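Engineer: First, the structure itself, so that you have it in front of you.
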Amino acid sequence: MLKTPSPARVFLFLQGPHGPFFHNLGSMMARTGAKVFRVGFNAGDRAFWWHRGSYISYRGTPEDWPDRLRQIIDEKTVTDIVLYGDIRPIHAEAVKVAEAADLRIHVFEEGYLRPYWVTYERGGSNGNSRLMDMPVANMRSALCRSDGDVVMPPAHWGDMRQHVFYGALYHFCVLALNQGYANFRPHRQIGVGREFRLYLLRLLFMPLHALHRILATFQIGRGGFPYHVALLQLEHDSNFQAHASVDSMAEFLDRAIKGFAEGAPTHHHLVFKAHPLEDGRVPLRRQIRALARKYAVRGRVHYVRGGKLAWLLDGARSAVTVNSTAAQQVLWRGLPLRTFGKSVYEKPEFVSDQPLAHFFADPVKPDVDAYKDYRRYLLQTSQLPGGYYSVRGRQQLLRNVVDLMLTKDDPYQIFEADSAAPKQHLRLVGTT
């Protein structure tokens with residue numbers, strides 16, 4: 001049974017996903033009796049936090065941020081830090097300060113098993129997650145002691161349009177209303193103005209992109225050729241920036257096409273699947289065409305804009321990626337996988353370490369039974385049903401995450417303790 005939260009719990013929110021999720025979460029947390037504050041670094045942060053008395057503007061430089069955070073922690077007697085992603089410079093510094101002060105660090109991320117779940121962990125996510133050092137054998141051991149049911153995804157769920165809308169609105173606020181935050185520096189390499197224009201153009205060109213996607217998928221579906229899938233990512237994404245073993249998406253494209261040209265049978269094709277939020281800041285399509293000509297595989301290499309991944313994987317022979325979470329769908333289907341970066345699924349049971357040409361020639365399949373246990377473990381621990389951007393997704397997420405944040409232990413510790421505890425129904429069976 002969860003204990004009533006002590007008023008001494010003080011949650012300090014930093015930057016969250018675009019939209020009202022952190023505001024909703026803070027409101028719910030305040031109703032538990034905890035104190036809640038939010039540090040905002042720009043007008044976009046301010047626009048999505050509607051508790052005027054609990055909002056703290058940070059208008060200093062990035063260099064002064066750690067000292068200011070220590071002051072806030074002391075002044076507000078902060079016990080918990082809440083943030084979305086642990087890689088952007090503001091958050092990376094905050095994690096260091098929080099660890100030194102022995103605070104609880106609540107990290108939200110996009111779901112490792114997206115799109116139907118989000119990730120909630122303590123201390124770090126992705127390449128900094130506890131999962132990185134956790135053997136599959138340990139997960140299986142905990143599962144053997146547990147009688148929990150596997151959580152199934154909803155039949156229909158999608159909030160991509162809301163995601164793009166809130167991204168555009170956030171960057172508009174930063175672009176038009178940021179006069180009071182002169183020292184703000186975005187964690188992206190491009191300026192806020194261009195970021196806003198890219199979001200806006202993506203909204204406007206969604207119908208045209210959908211038409212391109214339909215034509216490309218028709219060509220692949222009617223081609224009758226065996227194919228491999230390359231899962232692309234956003235080059236500016238923090239997971240790519242911090243945990244990739246390649247320096248850029250251009251380097252990944254070059255290595256993927258070169259390996260395909262050297263190793264794949266000559267009747268096989270390679271399909272590059274763009275990230276659903278790809279906005280054109282990197283000219284992927286042009287680069288892929290140039291590399292296909294360079295390695296003499298023109299006509300065997302395809303590019304698909306966004307859309308659903310399932311239909312592509314259902315007919316694929318294998319997949320390559322840097323460290324995309326979409327690779328979880330690859331493993332779920334038992335397809336061979338080759339990666340170029342650190343990820344929570346980077347386990348020897350799942351990911352091939354073959355040279356890329358050998359992989360395309362004769363890829364080694366993953367241990368499907370081990371992956372199913374791994375996936376089941378994630379669904380019992382850090383993967384929570386819901387989403388950040390749609391009303392329905394936020395409602396479902398809030399039903400579960402608030403109580404989880406109030407516990408002393410992280411989701412993995414809770415599951416391990418629950419699975420180790422004797423089950424009442426087993427004791428009853430033994431006494432009859």
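In the structure tokens, the first chain shown is A, the next is B, and so on; residue numbers restart at 1 for each chain, and ligands run from 1 in the order shown.
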What's the 12 Å shell around Pro135 (chain A), counting only C-alpha atoms, without same-chain residues fewer than 4 positions away, as a compact mmCIF listing (two decimals) with N, CA, C and O atoms, in the first residue's frame?
Structural biologist:
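Wrote out11.txt, looks like this:
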# COMPACT_ATOMS: atom_id res chain seq x y z
N ARG A 130 19.45 2.21 -16.28
CA ARG A 130 19.88 1.02 -15.55
C ARG A 130 19.82 -0.22 -16.42
O ARG A 130 20.53 -1.21 -16.18
N LEU A 131 19.00 -0.19 -17.46
CA LEU A 131 18.87 -1.34 -18.34
C LEU A 131 20.17 -1.67 -19.06
O LEU A 131 20.40 -2.82 -19.47
N MET A 139 16.63 -10.37 -15.79
CA MET A 139 15.24 -10.04 -16.08
C MET A 139 14.38 -11.30 -16.07
O MET A 139 13.27 -11.32 -15.51
N ARG A 140 14.89 -12.35 -16.70
CA ARG A 140 14.13 -13.61 -16.74
C ARG A 140 13.93 -14.18 -15.35
O ARG A 140 12.87 -14.73 -15.04
N SER A 141 14.94 -14.05 -14.51
CA SER A 141 14.82 -14.55 -13.14
C SER A 141 13.70 -13.84 -12.38
O SER A 141 12.90 -14.47 -11.69
N ALA A 142 13.64 -12.51 -12.54
CA ALA A 142 12.58 -11.75 -11.88
C ALA A 142 11.21 -12.11 -12.45
O ALA A 142 10.22 -12.22 -11.72
N VAL A 344 19.15 0.60 -25.09
CA VAL A 344 18.73 -0.28 -23.99
C VAL A 344 18.51 -1.71 -24.47
O VAL A 344 18.47 -2.63 -23.65
N TYR A 345 18.33 -1.92 -25.77
CA TYR A 345 18.14 -3.28 -26.29
C TYR A 345 19.45 -3.87 -26.83
O TYR A 345 19.44 -4.93 -27.45
N GLU A 346 20.56 -3.17 -26.61
CA GLU A 346 21.85 -3.64 -27.10
C GLU A 346 22.35 -4.79 -26.22
O GLU A 346 23.23 -4.63 -25.37
N LYS A 347 21.76 -5.95 -26.43
CA LYS A 347 22.11 -7.16 -25.70
C LYS A 347 22.65 -8.19 -26.69
O LYS A 347 22.19 -8.26 -27.84
N PRO A 348 23.62 -9.02 -26.29
CA PRO A 348 24.18 -9.99 -27.23
C PRO A 348 23.16 -10.99 -27.74
O PRO A 348 23.34 -11.56 -28.82
N GLU A 349 22.07 -11.19 -26.99
CA GLU A 349 21.02 -12.10 -27.45
C GLU A 349 20.23 -11.54 -28.62
O GLU A 349 19.57 -12.29 -29.35
N PHE A 350 20.27 -10.21 -28.81
CA PHE A 350 19.39 -9.57 -29.78
C PHE A 350 20.11 -9.00 -31.00
O PHE A 350 19.63 -9.13 -32.13
N ALA A 370 14.22 -14.89 -25.82
CA ALA A 370 14.87 -13.97 -24.89
C ALA A 370 14.32 -12.56 -25.06
O ALA A 370 14.08 -11.84 -24.08
N TYR A 371 14.08 -12.15 -26.32
CA TYR A 371 13.54 -10.81 -26.53
C TYR A 371 12.13 -10.68 -25.96
O TYR A 371 11.78 -9.64 -25.39
N ASP A 373 10.92 -12.12 -23.41
CA ASP A 373 11.05 -11.94 -21.96
C ASP A 373 11.54 -10.54 -21.63
O ASP A 373 11.07 -9.91 -20.67
N TYR A 374 12.49 -10.04 -22.41
CA TYR A 374 12.99 -8.68 -22.21
C TYR A 374 11.85 -7.67 -22.36
O TYR A 374 11.68 -6.75 -21.54
N TYR A 377 9.54 -7.74 -19.50
CA TYR A 377 10.14 -7.08 -18.34
C TYR A 377 9.96 -5.57 -18.43
O TYR A 377 9.62 -4.91 -17.43
Engineer: Might you pull out every residue within 8 Å of region 397-403 of chain A, with only C-alpha atoms counted and same-chain residues fewer than 2 positions away left off, and present them as a list of chain:residue names?
Structural biologist: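 Within the cut-off, the hits are A:Leu2, A:Leu25, A:Met28, A:Met29, A:Tyr120, A:Leu384, A:Pro385, A:Gly386, A:Gly387, A:Tyr388, A:Gly393, A:Arg394, A:Gln395, A:Met405, A:Leu406, A:Thr407.
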Engineer: Of the candidates A:Asn323, A:Asn138, A:Thr119, A:Gln162, which shows the shortest atom-to-atom distance to Leu379 (chain A), using only C-alpha atoms?
Structural biologist: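 For Leu379 (chain A), the nearest of the given residues is A:Thr119.
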Engineer: Mind listing the alpha helix (DSSP H) residues of region 228-380 of chain A, per DSSP on the backbone, as a PyMOL selection string?
Structural biologist: chain A and resi 238-243+249-263+284-294+310-314+327-332+356-361+368-380
Engineer: Need the shell around region 255-268 of chain A: protein/DNA/RNA residues with any atom at most 12 Å away, counting only C-alpha atoms. Skip same-chain ones fewer than 5 positions apart. Format as a ChimeraX atom specification?
Structural biologist: /A:220,223-232,245-250,287-302,316-322,338-340,354-363
Engineer: Report, in Å to a single decimal, how far apart CA of Val36 (chain A) and CA of Leu14 (chain A) are.
Structural biologist: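 Separation between CA of Leu14 (chain A) and CA of Val36 (chain A): 11.1 Å.
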Engineer: Could you give me, as a PyMOL selection string, the residues within 8 Å of Val107 (chain A), counting only C-alpha atoms and dropping anything in the same chain fewer than 6 positions from it?
Structural biologist: chain A and resi 82-86+120-125
Engineer: Those residues with C-alpha atoms, as a CSV table (one decimal), in the first residue's frame please?
Structural biologist:
chain,number,residue,atom,x,y,z
A,82,VAL,CA,11.7,16.0,-12.8
A,83,LEU,CA,12.9,16.3,-16.4
A,84,TYR,CA,12.3,15.1,-20.0
A,85,GLY,CA,15.5,13.5,-21.3
A,86,ASP,CA,18.8,13.7,-19.5
A,120,TYR,CA,9.7,6.6,-16.8
A,121,GLU,CA,13.0,5.9,-15.0
A,122,ARG,CA,15.1,7.2,-12.2
A,123,GLY,CA,18.6,8.7,-12.7
A,124,GLY,CA,18.9,8.4,-16.5
A,125,SER,CA,17.4,7.0,-19.7
Engineer: Do you know which residues are at most 9 Å from Arg70 (chain A) counting only C-alpha atoms, after dropping those on the same chain fewer than 3 positions away, and could you put them as a PyMOL selection string?
Structural biologist: chain A and resi 65-67+73-75+97-98+101
